[in-house]
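These notes are about the structure you will find just below.
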Amino acid sequence: MSNNSVINNAVKNDRSAPIGLFDSGVGGLSVYLHLAQQLPHERYVYYADTLHVPYGNRDSEDIKALTLTAVEWLYQQGCKLIVIACNSASAYALETARRCYPQLPIVGLVPALKPAVLASKTGHVAVLATKATLNGTLLNDVITNVASPHATKVTKYFDPKLVPWVESGMPKDSKTAQDLRQQLHLFTQDGIDQLVLGCTHYPFFKAFLRQEIAEQQLAIQIVDSGQAIAERVKQLLLTNQLLALPAEVAADEALKDKATRVNLSPPLTFYATKYDEKLGVVIQHLLGPQTDIHYYLSP
């Protein structure tokens, strides 16, 4: 375990400042993996509100207050950009957070319904998400502004067992796995050809879904927003001249804004409002044992 020496409180607007990620739990690590792949030289600080997880069944004002607390904490760590890597939090607090921190780029998540609608050949798509996300403004605005004009039917689906199943290692012989196999078959019978993963936990079982789809020979495409979020973050960093340079770049290269040398990716700094050894096991399971993680413990 390491303490707050890994976080620079003084840095706010320079290339070396970290990117902050927030989720009510560990699902947002799926977004981190996309970011780390596209932006390997960046430093990342992850805030998991494990004391109050899950957010999906909380009321909108509660979600908004908890999200603003998390954003403030990341802001105080000197983050140059923050990703609200939680669909539920984005649904109820993204616009408020942007108003509270107008000088800070804040990226939120919304289920990738738009590309699913545009790609659908049957005119019927499904969204797997929490209740808060399914009932939130962001998703329903997309349904109104994109799905409805394209005459696309959107089926909302929520299964409270899916997140615990991911965190327990996704045993393929479990009741949850059997139910998910059956649900995929039912989606196909209903003419659904695009399945949107609207919770950050769900990309962790994308491989399972693809395997089942292939074995059952189903005509379903899986869509999630992780890669699009990473591309949006990269665009914002480039626009604001905040893209991190490799640590071993020479001074003349830095002045010319050119980075050609390769160095190891910085470790992920992980903070949880409630930490125990079980959480550490889940994190290593989701990210893999090769991931370098520094755990940040509050005083």
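A note on labels: chains of the structure tokens are A, B, ... as shown, every chain counts residues from 1, and ligands are counted from 1 in their shown order.
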For Asn57 of chain A, please output as a list in words all residues within 12 Å (counting only C-alpha atoms; exclusion window: fewer than 5 positions along the same chain).
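Counting only the stated atoms, we get Ser24, His52, Asp62, Ile63, Ser88, Ala89, Ala129, Thr130, Lys131, Ala132, Thr133, Leu134, Asn135, Gly136, Phe158 and Pro160 of chain A.
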Residues within 10 Å of Gly28 of chain A, please, as a PyMOL selection string. Count only C-alpha atoms; anything in the same chain fewer than 6 positions from it doesn't count.
chain A and resi 21-22+46-48+83-87+199-203+226
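Nearest residue to Thr122 of chain A, choosing from A:Glu215, A:Asp59, A:Asp190, A:Asp292 and counting only C-alpha atoms: A:Asp190.
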Hey, can you check how far atom CA of Leu186 of chain A sits from atom CA of Ser90 of chain A?
29.5 Å
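Closest to Tyr32 of chain A among A:Tyr44, A:Tyr157, A:Trp165, A:Tyr271 is A:Tyr44, based on only C-alpha atoms.
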Identify, with DSSP run on backbone atoms, the residues in segment 134-240 of chain A assigned to helix (DSSP H, G or I), and express the list as a PyMOL selection string.
chain A and resi 134-135+137-147+162-167+175-189+202-216+226-239
Go ahead and save the picked residues with C-alpha atoms, as a PDB file, in the first residue's frame.
```pdb
ATOM      1  CA  LEU A 134     -32.523   3.111 -17.890  1.00  0.00           C
ATOM      2  CA  ASN A 135     -34.676   5.783 -16.251  1.00  0.00           C
ATOM      3  CA  THR A 137     -32.365  11.639 -18.848  1.00  0.00           C
ATOM      4  CA  LEU A 138     -29.269  10.918 -20.955  1.00  0.00           C
ATOM      5  CA  LEU A 139     -30.455   7.563 -22.277  1.00  0.00           C
ATOM      6  CA  ASN A 140     -34.047   8.620 -22.762  1.00  0.00           C
ATOM      7  CA  ASP A 141     -32.965  11.744 -24.637  1.00  0.00           C
ATOM      8  CA  VAL A 142     -31.122   9.482 -27.092  1.00  0.00           C
ATOM      9  CA  ILE A 143     -34.228   7.301 -27.411  1.00  0.00           C
ATOM     10  CA  THR A 144     -36.329  10.381 -28.155  1.00  0.00           C
ATOM     11  CA  ASN A 145     -33.865  12.122 -30.467  1.00  0.00           C
ATOM     12  CA  VAL A 146     -32.280   9.159 -32.255  1.00  0.00           C
ATOM     13  CA  ALA A 147     -34.206   5.899 -31.848  1.00  0.00           C
ATOM     14  CA  LEU A 162     -25.115  -9.463 -13.420  1.00  0.00           C
ATOM     15  CA  VAL A 163     -22.765  -7.167 -11.458  1.00  0.00           C
ATOM     16  CA  PRO A 164     -22.202  -9.666  -8.594  1.00  0.00           C
ATOM     17  CA  TRP A 165     -21.652 -12.344 -11.242  1.00  0.00           C
ATOM     18  CA  VAL A 166     -18.881 -10.290 -12.874  1.00  0.00           C
ATOM     19  CA  GLU A 167     -17.173  -9.596  -9.560  1.00  0.00           C
ATOM     20  CA  LYS A 175     -27.662 -19.763 -12.690  1.00  0.00           C
ATOM     21  CA  THR A 176     -26.850 -16.216 -13.837  1.00  0.00           C
ATOM     22  CA  ALA A 177     -24.892 -17.512 -16.827  1.00  0.00           C
ATOM     23  CA  GLN A 178     -27.749 -19.851 -17.744  1.00  0.00           C
ATOM     24  CA  ASP A 179     -30.250 -17.005 -17.492  1.00  0.00           C
ATOM     25  CA  LEU A 180     -28.083 -14.802 -19.706  1.00  0.00           C
ATOM     26  CA  ARG A 181     -27.819 -17.532 -22.341  1.00  0.00           C
ATOM     27  CA  GLN A 182     -31.595 -17.843 -22.349  1.00  0.00           C
ATOM     28  CA  GLN A 183     -32.029 -14.063 -22.523  1.00  0.00           C
ATOM     29  CA  LEU A 184     -29.816 -13.861 -25.613  1.00  0.00           C
ATOM     30  CA  HIS A 185     -32.044 -16.436 -27.282  1.00  0.00           C
ATOM     31  CA  LEU A 186     -35.154 -14.434 -26.330  1.00  0.00           C
ATOM     32  CA  PHE A 187     -33.597 -11.245 -27.713  1.00  0.00           C
ATOM     33  CA  THR A 188     -33.114 -12.962 -31.050  1.00  0.00           C
ATOM     34  CA  GLN A 189     -36.697 -14.221 -31.066  1.00  0.00           C
ATOM     35  CA  TYR A 202     -20.775  -5.443 -18.490  1.00  0.00           C
ATOM     36  CA  PRO A 203     -17.811  -5.179 -20.916  1.00  0.00           C
ATOM     37  CA  PHE A 204     -16.012  -7.603 -18.613  1.00  0.00           C
ATOM     38  CA  PHE A 205     -18.353 -10.348 -19.818  1.00  0.00           C
ATOM     39  CA  LYS A 206     -18.295  -9.298 -23.474  1.00  0.00           C
ATOM     40  CA  ALA A 207     -16.134 -12.331 -24.332  1.00  0.00           C
ATOM     41  CA  PHE A 208     -18.726 -14.598 -22.705  1.00  0.00           C
ATOM     42  CA  LEU A 209     -21.515 -12.958 -24.720  1.00  0.00           C
ATOM     43  CA  ARG A 210     -19.624 -13.258 -27.988  1.00  0.00           C
ATOM     44  CA  GLN A 211     -18.882 -16.925 -27.336  1.00  0.00           C
ATOM     45  CA  GLU A 212     -22.532 -17.658 -26.596  1.00  0.00           C
ATOM     46  CA  ILE A 213     -23.684 -15.707 -29.641  1.00  0.00           C
ATOM     47  CA  ALA A 214     -21.280 -17.662 -31.840  1.00  0.00           C
ATOM     48  CA  GLU A 215     -22.247 -21.042 -30.346  1.00  0.00           C
ATOM     49  CA  GLN A 216     -25.973 -20.316 -30.667  1.00  0.00           C
ATOM     50  CA  GLY A 226     -15.555   2.354 -23.738  1.00  0.00           C
ATOM     51  CA  GLN A 227     -13.572   2.930 -26.925  1.00  0.00           C
ATOM     52  CA  ALA A 228     -15.632   5.999 -27.861  1.00  0.00           C
ATOM     53  CA  ILE A 229     -15.019   7.475 -24.416  1.00  0.00           C
ATOM     54  CA  ALA A 230     -11.268   6.939 -24.759  1.00  0.00           C
ATOM     55  CA  GLU A 231     -11.294   8.606 -28.179  1.00  0.00           C
ATOM     56  CA  ARG A 232     -13.243  11.560 -26.765  1.00  0.00           C
ATOM     57  CA  VAL A 233     -10.755  11.954 -23.906  1.00  0.00           C
ATOM     58  CA  LYS A 234      -7.822  11.884 -26.337  1.00  0.00           C
ATOM     59  CA  GLN A 235      -9.496  14.524 -28.500  1.00  0.00           C
ATOM     60  CA  LEU A 236     -10.045  16.818 -25.513  1.00  0.00           C
ATOM     61  CA  LEU A 237      -6.459  16.417 -24.341  1.00  0.00           C
ATOM     62  CA  LEU A 238      -5.128  17.247 -27.796  1.00  0.00           C
ATOM     63  CA  THR A 239      -7.443  20.242 -28.155  1.00  0.00           C
TER      64      THR A 239
END
```
Restricting the calculation to only C-alpha atoms, which member of A:Asp224, A:Asp14, A:Glu277, A:Asp49 is positioned closest to Lys80 of chain A?
A:Asp14
Run DSSP on the backbone of this structure and report the residues of segment 109-250 of chain A it assigns to strand (DSSP E or B), as JSON, numbers by chain.
{"A": [124, 125, 126, 127, 128, 153, 154, 155, 156, 157, 194, 195, 196, 197, 221, 222, 223]}
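Between atom CA of Leu81 of chain A and atom CA of Pro105 of chain A lies a distance of 5.1 Å.
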Minimum-distance residue to Leu268 of chain A, chosen among A:Asp173, A:Glu72, A:Glu42, A:Glu95 (using only C-alpha atoms)
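Once distances to Leu268 of chain A are computed over only C-alpha atoms, the minimum belongs to A:Glu42.
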Excluding Lys153 of chain A and residues on its chain fewer than 4 positions from it, collect all residues at most 12 Å away from it, counting only C-alpha atoms, and give them as a PDB file with C-alpha atoms, in the first residue's frame.
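And here is the file that came out, out03.pdb:
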```pdb
ATOM      1  CA  LEU A 113     -27.448   3.532 -28.216  1.00  0.00           C
ATOM      2  CA  ALA A 116     -26.581   0.646 -32.240  1.00  0.00           C
ATOM      3  CA  VAL A 117     -29.633   2.333 -33.752  1.00  0.00           C
ATOM      4  CA  SER A 120     -29.550  -2.066 -36.647  1.00  0.00           C
ATOM      5  CA  LYS A 121     -31.077  -3.852 -39.625  1.00  0.00           C
ATOM      6  CA  THR A 122     -34.155  -5.069 -37.761  1.00  0.00           C
ATOM      7  CA  GLY A 123     -35.089  -1.771 -36.109  1.00  0.00           C
ATOM      8  CA  HIS A 124     -35.000  -3.347 -32.657  1.00  0.00           C
ATOM      9  CA  VAL A 125     -32.173  -2.917 -30.140  1.00  0.00           C
ATOM     10  CA  ALA A 126     -31.766  -3.771 -26.460  1.00  0.00           C
ATOM     11  CA  VAL A 127     -29.990  -1.914 -23.660  1.00  0.00           C
ATOM     12  CA  ILE A 143     -34.228   7.301 -27.411  1.00  0.00           C
ATOM     13  CA  THR A 144     -36.329  10.381 -28.155  1.00  0.00           C
ATOM     14  CA  VAL A 146     -32.280   9.159 -32.255  1.00  0.00           C
ATOM     15  CA  ALA A 147     -34.206   5.899 -31.848  1.00  0.00           C
ATOM     16  CA  SER A 148     -37.694   7.287 -32.347  1.00  0.00           C
ATOM     17  CA  PRO A 149     -36.905   9.260 -35.543  1.00  0.00           C
ATOM     18  CA  ASP A 190     -37.810 -10.615 -30.538  1.00  0.00           C
ATOM     19  CA  GLY A 191     -35.798  -9.484 -33.557  1.00  0.00           C
ATOM     20  CA  ILE A 192     -33.096  -7.669 -31.560  1.00  0.00           C
ATOM     21  CA  ASP A 193     -29.838  -7.446 -33.511  1.00  0.00           C
ATOM     22  CA  GLN A 194     -27.906  -4.879 -31.430  1.00  0.00           C
TER      23      GLN A 194
END
```
What does the distance between atom CA of Pro171 of chain A and atom CA of Arg58 of chain A come to in Å, to one decimal place?
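Between atom CA of Pro171 of chain A and atom CA of Arg58 of chain A the gap works out to 28.1 Å.
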Out of A:Leu242, A:Val196, A:Gln284, A:Trp73, which residue has the shortest atom-to-atom distance to Pro115 of chain A when counting only C-alpha atoms?
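Among the listed residues, A:Val196 lies closest to Pro115 of chain A.
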